[in-house]
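Undergrad: I have a structure I would like to understand better, so I am pasting it below and will then ask my questions one at a time.
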Amino acid sequence: QVQLVESGGGLVQAGGSLRLSCAASGRRFASYAMAWFRQAPGMEREFVATITWRDGDTYYAGSVKGRFTISRDFSQNTVYLQMNSLKPEDTAVYYCAATGGIDAIYTANYYYTEGPYDYWGQGTQVTVSS
């Protein structure tokens, strides 16, 4: 069974930076893609960024493109989300997610939704003050 544990959330002023981490554990962890989603109070959970584990291909939501960077570390089975130029509207609980398979079985666009992701972390709170 795969477990995902996020860390790195906190309170930051607008314009500041945070780096979130998501450590994956479990017997022989392998995944086609990992992603970050976020959910603000009263809102549905939304896609933030995704990265393919083997090739490192990335894709970002328009609202974060140019400010956030997703990356992964093979040796640590960890994916990161570097968040710069934070805005109050980035305030949300951030969730890490991973696919259960190692092959791309869906079209690329589907990986920008919750559908392909089988494993989820517990979330980490990010609060950006104005």
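Letters A, B, ... go to the chains of the structure tokens in the order shown; residues in each chain start at 1; ligands are counted from 1 in the same order.
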Mind running range 64-115 of chain A against range 8-30 of chain A at 10 Å and telling me each contacting residue's nearest atom pair with the distance in Å (one decimal), counting only C-alpha atoms, chain and number ascending, as a tab-separated table?
TA:
residue	atom	partner	partner_atom	distance
A:Arg67	CA	A:Ser17	CA	9.5
A:Phe68	CA	A:Arg19	CA	9.3
A:Thr69	CA	A:Arg19	CA	9.3
A:Ile70	CA	A:Leu20	CA	9.4
A:Ser71	CA	A:Ser21	CA	9.7
A:Arg72	CA	A:Cys22	CA	9.3
A:Asp73	CA	A:Ala23	CA	9.6
A:Gln76	CA	A:Ala23	CA	7.3
A:Asn77	CA	A:Ala24	CA	5.5
A:Thr78	CA	A:Ala23	CA	4.4
A:Val79	CA	A:Cys22	CA	5.2
A:Tyr80	CA	A:Ser21	CA	4.6
A:Leu81	CA	A:Leu20	CA	5.0
A:Gln82	CA	A:Arg19	CA	4.4
A:Met83	CA	A:Leu18	CA	5.2
A:Asn84	CA	A:Ser17	CA	4.4
A:Ser85	CA	A:Gly15	CA	4.2
A:Leu86	CA	A:Gly15	CA	4.9
A:Lys87	CA	A:Ala14	CA	5.0
A:Pro88	CA	A:Ala14	CA	6.2
A:Glu89	CA	A:Ala14	CA	9.5
A:Asp90	CA	A:Ala14	CA	9.4
A:Thr91	CA	A:Leu11	CA	9.1
A:Ala92	CA	A:Gly9	CA	9.8
A:Val93	CA	A:Gly9	CA	8.6
A:Tyr94	CA	A:Gly9	CA	8.1
A:Tyr95	CA	A:Cys22	CA	8.8
A:Cys96	CA	A:Cys22	CA	6.3
A:Ala97	CA	A:Cys22	CA	8.7
A:Ala98	CA	A:Ala24	CA	8.7
A:Thr99	CA	A:Ala30	CA	8.7
A:Gly100	CA	A:Ala30	CA	7.7
A:Gly101	CA	A:Ala30	CA	7.3
A:Ile102	CA	A:Ala30	CA	6.1
A:Asp103	CA	A:Ala30	CA	9.9
Undergrad: Using DSSP secondary structure from the backbone, list all strand (DSSP E or B) positions within range 18-124 of chain A, as a ChimeraX atom specification.
TA: /A:18-25,33-39,46-52,58-60,68-73,78-83,92-99,117-120,124
Undergrad: Go ahead and save the residues from that selection, with C-alpha atoms, as a short mmCIF file (atom, residue, chain, number, x, y, z; two decimals), in the first residue's frame.
TA:
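That gives us part.cif:
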data_model
loop_
_atom_site.label_atom_id
_atom_site.label_comp_id
_atom_site.auth_asym_id
_atom_site.auth_seq_id
_atom_site.Cartn_x
_atom_site.Cartn_y
_atom_site.Cartn_z
CA LEU A 18 7.00 28.08 0.41
CA ARG A 19 8.16 24.63 -0.66
CA LEU A 20 5.85 21.70 -0.15
CA SER A 21 7.13 18.13 -0.01
CA CYS A 22 5.31 14.85 -0.58
CA ALA A 23 7.10 11.69 0.47
CA ALA A 24 5.84 8.43 -0.97
CA SER A 25 6.35 5.19 0.93
CA ALA A 33 2.50 10.58 -12.49
CA MET A 34 2.22 12.58 -9.31
CA ALA A 35 0.34 15.79 -8.84
CA TRP A 36 -0.64 18.57 -6.50
CA PHE A 37 -4.21 19.70 -6.00
CA ARG A 38 -5.64 22.31 -3.65
CA GLN A 39 -8.94 23.06 -2.00
CA GLU A 46 -8.68 21.93 -8.12
CA PHE A 47 -5.66 20.81 -10.09
CA VAL A 48 -2.39 22.70 -9.53
CA ALA A 49 0.44 20.80 -11.24
CA THR A 50 1.50 17.34 -12.36
CA ILE A 51 4.79 15.61 -13.20
CA THR A 52 5.49 12.27 -14.84
CA THR A 58 5.25 18.84 -16.19
CA TYR A 59 1.99 20.71 -16.62
CA TYR A 60 0.54 23.57 -14.60
CA PHE A 68 5.01 27.38 -9.01
CA THR A 69 7.45 24.62 -9.95
CA ILE A 70 6.86 20.89 -9.49
CA SER A 71 9.85 18.55 -9.31
CA ARG A 72 10.74 15.05 -8.12
CA ASP A 73 13.62 13.27 -6.42
CA THR A 78 9.56 12.66 -3.07
CA VAL A 79 7.79 15.27 -5.16
CA TYR A 80 8.08 18.97 -4.41
CA LEU A 81 6.05 22.07 -5.13
CA GLN A 82 8.06 25.28 -5.00
CA MET A 83 5.64 28.18 -4.66
CA ALA A 92 -5.89 26.38 0.49
CA VAL A 93 -5.22 22.89 1.72
CA TYR A 94 -2.73 21.36 -0.70
CA TYR A 95 -2.93 17.65 -1.48
CA CYS A 96 -0.41 15.35 -3.10
CA ALA A 97 -1.65 12.53 -5.34
CA ALA A 98 -0.14 9.61 -7.24
CA THR A 99 -1.34 7.20 -9.88
CA TYR A 117 -4.95 9.38 -9.08
CA ASP A 118 -5.36 6.41 -6.74
CA TYR A 119 -3.40 7.60 -3.73
CA TRP A 120 -3.83 10.84 -1.80
CA THR A 124 -1.14 20.51 4.25
#
Undergrad: Using only C-alpha atoms for the distances, tell me which of A:Ala104, A:Gly62, A:Thr113, A:Ser31 is nearest to Phe74 in chain A.
TA: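 When distances to Phe74 in chain A are compared using only C-alpha atoms, the smallest one comes from A:Ser31.
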Undergrad: Smallest atom-to-atom distance to Arg45 in chain A: which of A:Tyr106, A:Gly66, A:Glu114, A:Gly121, using only C-alpha atoms?
TA: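 Ranking A:Tyr106, A:Gly66, A:Glu114, A:Gly121 by distance to Arg45 in chain A, first place goes to A:Glu114.
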Undergrad: Write out as a PyMOL selection string all residues of chain A that DSSP puts in helix (DSSP H, G or I) for this structure's backbone.
TA: chain A and resi 88-90+108-112
